[in-house]
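Student: For reference, the structure I am asking about is given below.
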Amino acid sequence: MDLQQKIRSIPASPGVYLYKNAEGEVIYVGKAKSLRHRVSSYFHEGRVADAKTGTLVREAVDVDYIVVANNKEALALENHLIKQKQPRFNILLRDDKTYPYVKLTLADRYPRVYVTRRLKKDGSVYYGPYFPANLAYRIVDLIHRSFLVPSCNVDLNRFHPRPCLQFYIGRCLGPCVEGLTTAEIYQEAVRDVKLFLDGKQAELGKSLRERMARAADAQEFERAGKYRDLISTVEQLQEKQRIAAAEGDDADVFGYHYETGMLAVNLFHMRGGRVLDRREFFWEDLPELEPSTESELSTGRVGTGDSTVHVERSSTLVPTAVEEIAELRSAGRAGASVPTQAVVEHSSVERFDPSQFFSQFLTQLYIGQPYVPRNIFLPVDFEDRESLEEVLSEQMSDKNVRPTRVHILVPSRGDKRSLLDLAANNAKQLYDQRFRVMKPNARAIQEALQDALALPELPKRIECFDISHIQGAETVASMVVWEDGKMKKSDYRKFIIRSVDGVDDFASMREVVTRRYKRIQEEKKDMPSLILIDGGLGQLHAAAEALARLQIINQPLASIAKREEVIYVCGQENEPIALDHHNPVLHLVQLIRDEAHRFAVTFHRKRRQIRDRATELREIPGVGERTTRRLLQHFGSLQAVKHADVAALSAVVTRTQAEAILQHFQR
């Protein structure tokens, strides 16, 4: 059966269609209220004439389809297949900012708490996303200090002879060593952490007061004092939440700027009536949108009830797609545990339709997320707005005790319209910075770097290290300094590696980091805002080990790999930061890394030249190390020694040595 015959046999039911090329690769995934009408529309004369649609039609040699019970199930399945298959004719939205979550590993014997940027189906509970990004790190730090639940990577399935530094500084209960704590005490701390992260401060405070009273009655006054301090922390957090709630509802405000086939979208996150953070999205060479006759979203909430999913297959389909529908049906929610990656379908360069764009964009951005704000402000209306409101409201009601209604609004006047105008102006600035290559100011780059790497403070000083050698010979290291927006050459440092023989970059990195920051400790100077390592995970871990031996904790440390150009942050190595190649933060990190490499290579080349010069002179009979040093210091270079006559050489060495040197170079 050829493609046209297969299209005529497709039913006029809601579902998802998958175009495949000659290699069997899925090149496009779409959904439709009527599969037959949508798939056949690609072959209409007007659409085939379009360059991008024509390319898709020419490459497509087969089409599969999955029929589902209703439009919401089609939305969910399309979303899953796009993320799974990554079809090249579906444009994936990748923004430069991924917000972190707090992860509580309840499936472990001794649960721990981490900051992560990836959601996984591993039995853990995730809270977030948090913005600004360093808020998640501040929350985890508060959990360490107040509840003593750690974030370490120690194997807690067995006991160890001694605890790590975190126990000694009072940030961990020490479940890794037998006798330091009990399973009951640790599980009590985990329950407190869960209540804290769930936002149930009142219930947590009540439980802490009861335990404080019991400890006081049992004359365990030290434990009662710890409960008292925890109660004080919880009450302070409750007061901050009351103030934020009184200031206003949570809202997300969107603005966009489109020009010459390129699009920039700006998103303001407002929490408690205040703008807490901004998020940017970009498209280059925006392709063609689907026809607006059917306004369709890209994902949705699966319907429940007695309706059954049935699948019709014209050829072999991916079994996991069908399994995903069953899983979503049983959970009653579409994609709730899958990390959202926004996907935008084709949009026309000549006929950009913001209504259809935001219909698809919002669906991918919000469905499946742990939190959606109460209000979403948009510059344009779209046909499926009420349906999306319903889906998001149901999604949030499932996650909250009380029903939560999500409103998607298009303000036309007043303060809310002013917010939209402000977002649009910022989108225009983002467009200029991204596509017109406007250089942002130093302060903006510092703030972007702080946000991208989740640094605790604005980076004022960065120290970067690199190792240079040739097959282990003349191994040296360099340290360059970036401070307040520019390279500070007066603080550059060179290191000759002394404790390492042969090729061992990791040991060399440990030596140079140890020497540098041991001296910083002895001189009682401030540590830099960020230590940057030129290299991958091996060099990063070597530097982290050196700092740990010096008992330097909570020091921001990162590395940048040469080939991949991804940034590894110490403590979250499993989630490397891959910044867009246009991003000024990546440009800054590359600039500092390249300067450290240049400085190291220059120093290594100089050392090698000195070695080579000294080696050649030392081959001359009667010329030793001291004589060689005098000659090089006097003449400046080996080339000058070669061209000197006996009289000139005799001014530095004896007549016999001068004649021997002259004869050597004449030969």
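Residues in the structure tokens are named by chain (A, B, ... in the order shown) and by number from 1 within that chain; ligands are numbered from 1 in the order shown.
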How close does region 382-482 of chain A get to region 133-153 of chain A? List, as CSV, each residue of region 382-482 of chain A within 10 Å, its nearest atom pair and the distance in Å to one decimal, counting only C-alpha atoms.

Tutor:
residue,atom,partner,partner_atom,distance
A:Gln450,CA,A:Asn134,CA,8.4
A:Asp451,CA,A:Ala133,CA,6.0
A:Ala452,CA,A:Ala133,CA,7.8
A:Leu453,CA,A:Ala133,CA,8.4
A:Ala454,CA,A:Asn134,CA,4.8
A:Leu455,CA,A:Asn134,CA,6.5
A:Pro456,CA,A:Asn134,CA,6.3
A:Glu457,CA,A:Asn134,CA,8.9

Student: Region 568-584 of chain A: which residues within 6 Å, counting only C-alpha atoms, same-chain residues fewer than 5 positions away excluded, as a PyMOL selection string?

Tutor: chain A and resi 557-559

Student: Please list as a list in words every residue within 6 Å of region 20-23 of chain A, counting only C-alpha atoms and excluding residues in the same chain fewer than 2 positions away.

Tutor: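 Final neighbour list, sorted by chain and number: Glu25, Val26, Ile27, Glu59, Ala60, Val61, Asp62 and Val63 of chain A.
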
Student: Could the residues in this selection be written to a file with C-alpha atoms, as a short mmCIF file (atom, residue, chain, number, x, y, z; two decimals), in the first residue's frame?

Tutor:
data_model
loop_
_atom_site.label_atom_id
_atom_site.label_comp_id
_atom_site.auth_asym_id
_atom_site.auth_seq_id
_atom_site.Cartn_x
_atom_site.Cartn_y
_atom_site.Cartn_z
CA GLU A 25 13.15 7.45 11.28
CA VAL A 26 10.28 9.47 12.75
CA ILE A 27 10.73 12.94 11.24
CA GLU A 59 11.08 12.91 2.69
CA ALA A 60 8.04 11.15 4.17
CA VAL A 61 7.53 7.66 2.75
CA ASP A 62 5.32 6.25 5.49
CA VAL A 63 2.86 7.42 8.12
#

Student: What residues in region 347-415 of chain A get the DSSP label alpha helix (DSSP H)? Please answer as a tab-separated table (two decimals) with all heavy atoms, in the first residue's frame.

Tutor:
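Saved as result18.tsv:
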chain	number	residue	atom	x	y	z
A	354	PRO	N	0.95	34.72	16.46
A	354	PRO	CA	1.24	34.65	17.90
A	354	PRO	C	0.19	33.87	18.69
A	354	PRO	O	0.52	33.24	19.69
A	354	PRO	CB	1.30	36.12	18.33
A	354	PRO	CG	0.57	36.87	17.28
A	354	PRO	CD	0.76	36.11	16.01
A	355	SER	N	-1.07	33.90	18.24
A	355	SER	CA	-2.11	33.16	18.96
A	355	SER	C	-1.82	31.66	18.94
A	355	SER	O	-1.85	30.99	19.97
A	355	SER	CB	-3.47	33.44	18.34
A	355	SER	OG	-3.79	34.80	18.41
A	356	GLN	N	-1.51	31.14	17.77
A	356	GLN	CA	-1.23	29.71	17.67
A	356	GLN	C	0.07	29.36	18.36
A	356	GLN	O	0.21	28.31	18.98
A	356	GLN	CB	-1.18	29.29	16.21
A	356	GLN	CG	-0.92	27.82	16.04
A	356	GLN	CD	-1.85	27.19	15.04
A	356	GLN	OE1	-2.67	27.87	14.46
A	356	GLN	NE2	-1.72	25.91	14.85
A	357	PHE	N	1.03	30.25	18.25
A	357	PHE	CA	2.31	30.01	18.91
A	357	PHE	C	2.12	29.87	20.42
A	357	PHE	O	2.61	28.91	21.03
A	357	PHE	CB	3.28	31.15	18.60
A	357	PHE	CG	4.48	31.15	19.50
A	357	PHE	CD1	5.52	30.26	19.29
A	357	PHE	CD2	4.55	32.01	20.57
A	357	PHE	CE1	6.62	30.23	20.14
A	357	PHE	CE2	5.64	32.00	21.42
A	357	PHE	CZ	6.68	31.11	21.20
A	358	PHE	N	1.42	30.81	21.05
A	358	PHE	CA	1.26	30.75	22.50
A	358	PHE	C	0.36	29.59	22.92
A	358	PHE	O	0.52	29.04	24.02
A	358	PHE	CB	0.69	32.08	23.02
A	358	PHE	CG	1.75	33.11	23.24
A	358	PHE	CD1	1.89	34.17	22.36
A	358	PHE	CD2	2.62	33.02	24.30
A	358	PHE	CE1	2.87	35.13	22.55
A	358	PHE	CE2	3.61	33.97	24.51
A	358	PHE	CZ	3.74	35.03	23.63
A	359	SER	N	-0.56	29.17	22.07
A	359	SER	CA	-1.37	27.99	22.37
A	359	SER	C	-0.48	26.77	22.56
A	359	SER	O	-0.60	26.02	23.53
A	359	SER	CB	-2.37	27.75	21.23
A	359	SER	OG	-3.02	26.51	21.38
A	360	GLN	N	0.46	26.57	21.65
A	360	GLN	CA	1.36	25.42	21.73
A	360	GLN	C	2.43	25.61	22.81
A	360	GLN	O	2.79	24.69	23.54
A	360	GLN	CB	2.00	25.18	20.37
A	360	GLN	CG	1.00	24.91	19.27
A	360	GLN	CD	1.65	24.84	17.90
A	360	GLN	OE1	2.86	24.76	17.79
A	360	GLN	NE2	0.84	24.88	16.86
A	361	PHE	N	2.92	26.82	22.89
A	361	PHE	CA	4.01	27.13	23.81
A	361	PHE	C	3.61	26.93	25.28
A	361	PHE	O	4.30	26.27	26.05
A	361	PHE	CB	4.46	28.57	23.55
A	361	PHE	CG	5.52	29.07	24.49
A	361	PHE	CD1	6.64	28.33	24.77
A	361	PHE	CD2	5.38	30.31	25.09
A	361	PHE	CE1	7.62	28.80	25.63
A	361	PHE	CE2	6.35	30.79	25.95
A	361	PHE	CZ	7.46	30.03	26.22
A	362	LEU	N	2.46	27.48	25.66
A	362	LEU	CA	2.02	27.37	27.05
A	362	LEU	C	1.74	25.92	27.43
A	362	LEU	O	2.00	25.51	28.56
A	362	LEU	CB	0.77	28.22	27.28
A	362	LEU	CG	0.93	29.74	27.16
A	362	LEU	CD1	-0.35	30.42	27.56
A	362	LEU	CD2	2.08	30.24	28.00
A	363	THR	N	1.21	25.17	26.50
A	363	THR	CA	0.90	23.78	26.79
A	363	THR	C	2.17	23.01	27.15
A	363	THR	O	2.24	22.31	28.16
A	363	THR	CB	0.23	23.13	25.58
A	363	THR	OG1	-0.91	23.90	25.22
A	363	THR	CG2	-0.19	21.71	25.89
A	364	GLN	N	3.20	23.15	26.33
A	364	GLN	CA	4.45	22.45	26.60
A	364	GLN	C	5.16	22.99	27.83
A	364	GLN	O	5.87	22.27	28.52
A	364	GLN	CB	5.37	22.55	25.37
A	364	GLN	CG	4.89	21.75	24.18
A	364	GLN	CD	4.97	20.26	24.43
A	364	GLN	OE1	5.77	19.81	25.24
A	364	GLN	NE2	4.15	19.50	23.74
A	365	LEU	N	4.97	24.25	28.10
A	365	LEU	CA	5.69	24.88	29.21
A	365	LEU	C	5.13	24.49	30.57
A	365	LEU	O	5.88	24.32	31.53
A	365	LEU	CB	5.64	26.40	29.04
A	365	LEU	CG	6.51	27.23	29.98
A	365	LEU	CD1	7.98	26.90	29.76
A	365	LEU	CD2	6.26	28.71	29.75
A	366	TYR	N	3.79	24.31	30.66
A	366	TYR	CA	3.18	24.16	31.98
A	366	TYR	C	2.67	22.75	32.29
A	366	TYR	O	2.67	22.36	33.45
A	366	TYR	CB	2.01	25.14	32.11
A	366	TYR	CG	2.44	26.57	32.29
A	366	TYR	CD1	2.08	27.55	31.37
A	366	TYR	CD2	3.24	26.95	33.36
A	366	TYR	CE1	2.47	28.87	31.52
A	366	TYR	CE2	3.65	28.26	33.52
A	366	TYR	CZ	3.26	29.21	32.60
A	366	TYR	OH	3.67	30.50	32.76
A	385	ARG	N	-7.82	28.61	24.87
A	385	ARG	CA	-7.45	29.16	26.18
A	385	ARG	C	-8.27	28.53	27.31
A	385	ARG	O	-7.71	28.14	28.35
A	385	ARG	CB	-7.64	30.68	26.17
A	385	ARG	CG	-7.30	31.35	27.50
A	385	ARG	CD	-7.30	32.86	27.37
A	385	ARG	NE	-8.58	33.34	26.86
A	385	ARG	CZ	-9.63	33.59	27.64
A	385	ARG	NH1	-9.57	33.36	28.93
A	385	ARG	NH2	-10.75	34.04	27.12
A	386	GLU	N	-9.58	28.42	27.15
A	386	GLU	CA	-10.41	27.88	28.22
A	386	GLU	C	-10.10	26.41	28.48
A	386	GLU	O	-10.09	25.96	29.63
A	386	GLU	CB	-11.88	28.07	27.87
A	386	GLU	CG	-12.31	29.53	27.82
A	386	GLU	CD	-13.79	29.68	27.48
A	386	GLU	OE1	-14.46	28.65	27.27
A	386	GLU	OE2	-14.27	30.82	27.42
A	387	SER	N	-9.82	25.66	27.42
A	387	SER	CA	-9.48	24.25	27.61
A	387	SER	C	-8.18	24.11	28.38
A	387	SER	O	-8.05	23.25	29.27
A	387	SER	CB	-9.36	23.56	26.25
A	387	SER	OG	-10.57	23.61	25.54
A	388	LEU	N	-7.20	24.94	28.05
A	388	LEU	CA	-5.92	24.87	28.75
A	388	LEU	C	-6.08	25.30	30.21
A	388	LEU	O	-5.47	24.72	31.12
A	388	LEU	CB	-4.89	25.75	28.04
A	388	LEU	CG	-3.46	25.69	28.60
A	388	LEU	CD1	-2.94	24.27	28.61
A	388	LEU	CD2	-2.54	26.59	27.80
A	389	GLU	N	-6.92	26.32	30.47
A	389	GLU	CA	-7.21	26.71	31.85
A	389	GLU	C	-7.76	25.53	32.64
A	389	GLU	O	-7.36	25.28	33.79
A	389	GLU	CB	-8.22	27.86	31.87
A	389	GLU	CG	-7.65	29.23	31.58
A	389	GLU	CD	-8.71	30.30	31.70
A	389	GLU	OE1	-9.91	29.96	31.68
A	389	GLU	OE2	-8.35	31.48	31.81
A	390	GLU	N	-8.67	24.79	32.03
A	390	GLU	CA	-9.28	23.64	32.70
A	390	GLU	C	-8.25	22.57	33.01
A	390	GLU	O	-8.21	22.01	34.12
A	390	GLU	CB	-10.39	23.07	31.82
A	390	GLU	CG	-11.10	21.87	32.41
A	390	GLU	CD	-12.11	21.28	31.45
A	390	GLU	OE1	-12.42	21.93	30.43
A	390	GLU	OE2	-12.59	20.17	31.72
A	391	VAL	N	-7.39	22.27	32.03
A	391	VAL	CA	-6.37	21.24	32.24
A	391	VAL	C	-5.41	21.64	33.35
A	391	VAL	O	-5.09	20.84	34.25
A	391	VAL	CB	-5.61	20.99	30.93
A	391	VAL	CG1	-4.40	20.10	31.17
A	391	VAL	CG2	-6.52	20.36	29.89
A	392	LEU	N	-4.94	22.87	33.33
A	392	LEU	CA	-3.98	23.33	34.34
A	392	LEU	C	-4.63	23.41	35.71
A	392	LEU	O	-3.99	23.13	36.73
A	392	LEU	CB	-3.39	24.68	33.94
A	392	LEU	CG	-2.56	24.69	32.65
A	392	LEU	CD1	-2.04	26.09	32.36
A	392	LEU	CD2	-1.40	23.70	32.74
A	393	SER	N	-5.90	23.81	35.77
A	393	SER	CA	-6.60	23.87	37.06
A	393	SER	C	-6.74	22.49	37.66
A	393	SER	O	-6.54	22.29	38.87
A	393	SER	CB	-7.98	24.52	36.88
A	393	SER	OG	-7.86	25.85	36.41
A	394	GLU	N	-7.08	21.51	36.85
A	394	GLU	CA	-7.18	20.13	37.34
A	394	GLU	C	-5.82	19.63	37.80
A	394	GLU	O	-5.70	18.94	38.82
A	394	GLU	CB	-7.72	19.23	36.23
A	394	GLU	CG	-9.18	19.48	35.88
A	394	GLU	CD	-9.63	18.65	34.69
A	394	GLU	OE1	-8.79	17.88	34.16
A	394	GLU	OE2	-10.79	18.78	34.28
A	395	GLN	N	-4.80	19.98	37.05
A	395	GLN	CA	-3.45	19.55	37.40
A	395	GLN	C	-3.04	20.10	38.76
A	395	GLN	O	-2.49	19.37	39.60
A	395	GLN	CB	-2.49	20.03	36.32
A	395	GLN	CG	-1.02	19.74	36.60
A	395	GLN	CD	-0.14	20.18	35.45
A	395	GLN	OE1	-0.30	19.72	34.32
A	395	GLN	NE2	0.78	21.09	35.73
A	396	MET	N	-3.31	21.38	39.03
A	396	MET	CA	-2.92	21.98	40.30
A	396	MET	C	-3.82	21.51	41.43
A	396	MET	O	-3.38	21.38	42.57
A	396	MET	CB	-2.94	23.50	40.19
A	396	MET	CG	-1.84	24.06	39.31
A	396	MET	SD	-0.20	23.45	39.79
A	396	MET	CE	-0.08	24.08	41.46
A	397	SER	N	-5.09	21.23	41.15
A	397	SER	CA	-6.00	20.74	42.19
A	397	SER	C	-5.57	19.36	42.67
A	397	SER	O	-5.75	19.01	43.84
A	397	SER	CB	-7.44	20.69	41.66
A	397	SER	OG	-7.89	21.99	41.34
A	398	ASP	N	-5.01	18.56	41.77
A	398	ASP	CA	-4.51	17.24	42.16
A	398	ASP	C	-3.34	17.35	43.12
A	398	ASP	O	-3.11	16.45	43.93
A	398	ASP	CB	-4.06	16.45	40.93
A	398	ASP	CG	-5.25	16.00	40.09
A	398	ASP	OD1	-6.38	16.07	40.60
A	398	ASP	OD2	-5.04	15.59	38.94
A	399	LYS	N	-2.59	18.44	43.03
A	399	LYS	CA	-1.38	18.59	43.84
A	399	LYS	C	-1.64	19.35	45.12
A	399	LYS	O	-0.78	19.43	45.99
A	399	LYS	CB	-0.28	19.30	43.03
A	399	LYS	CG	0.12	18.56	41.77
A	399	LYS	CD	1.16	19.34	41.00
A	399	LYS	CE	1.48	18.65	39.68
A	399	LYS	NZ	2.04	17.32	39.87
A	414	GLY	N	-4.83	49.10	32.28
A	414	GLY	CA	-4.47	49.09	33.68
A	414	GLY	C	-3.07	48.58	33.96
A	414	GLY	O	-2.22	48.46	33.08
A	415	ASP	N	-2.84	48.25	35.24
A	415	ASP	CA	-1.51	47.84	35.68
A	415	ASP	C	-1.06	46.54	35.02
A	415	ASP	O	0.12	46.36	34.71
A	415	ASP	CB	-1.50	47.67	37.20
A	415	ASP	CG	-1.71	48.98	37.93
A	415	ASP	OD1	-1.47	50.04	37.30
A	415	ASP	OD2	-2.12	48.95	39.10

Student: One decimal, Å: what's the distance from CA of Lys120 (chain A) over to CA of Gln369 (chain A), could you say?

Tutor: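 For CA of Lys120 (chain A) relative to CA of Gln369 (chain A), the distance reads 12.9 Å.
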
Student: Need the shell around Gln666 (chain A): protein/DNA/RNA residues with any atom at most 12 Å away, counting only C-alpha atoms. Skip same-chain ones fewer than 5 positions apart. Format as a PyMOL selection string?

Tutor: chain A and resi 641-645+659-661

Student: Step one, run DSSP on the backbone; step two, keep only residues of region 431-609 of chain A assigned to strand (DSSP E); then write them as a VMD selection string.

Tutor: chain A and resid 461 to 470 473 to 483 486 to 487 493 to 496 530 to 534 557 to 560 567 to 569

Student: Could you check how far CA of Ala423 (chain A) sits from CA of Arg405 (chain A), in Å to one decimal?

Tutor: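 Spanning CA of Ala423 (chain A) to CA of Arg405 (chain A) is a straight-line distance of 23.8 Å.
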
Student: Show which residues sit within 8 Å of Leu81 (chain A), as a ChimeraX atom specification. Count only C-alpha atoms, and ignore same-chain residues fewer than 4 positions away.

Tutor: /A:29,77,85-86,321
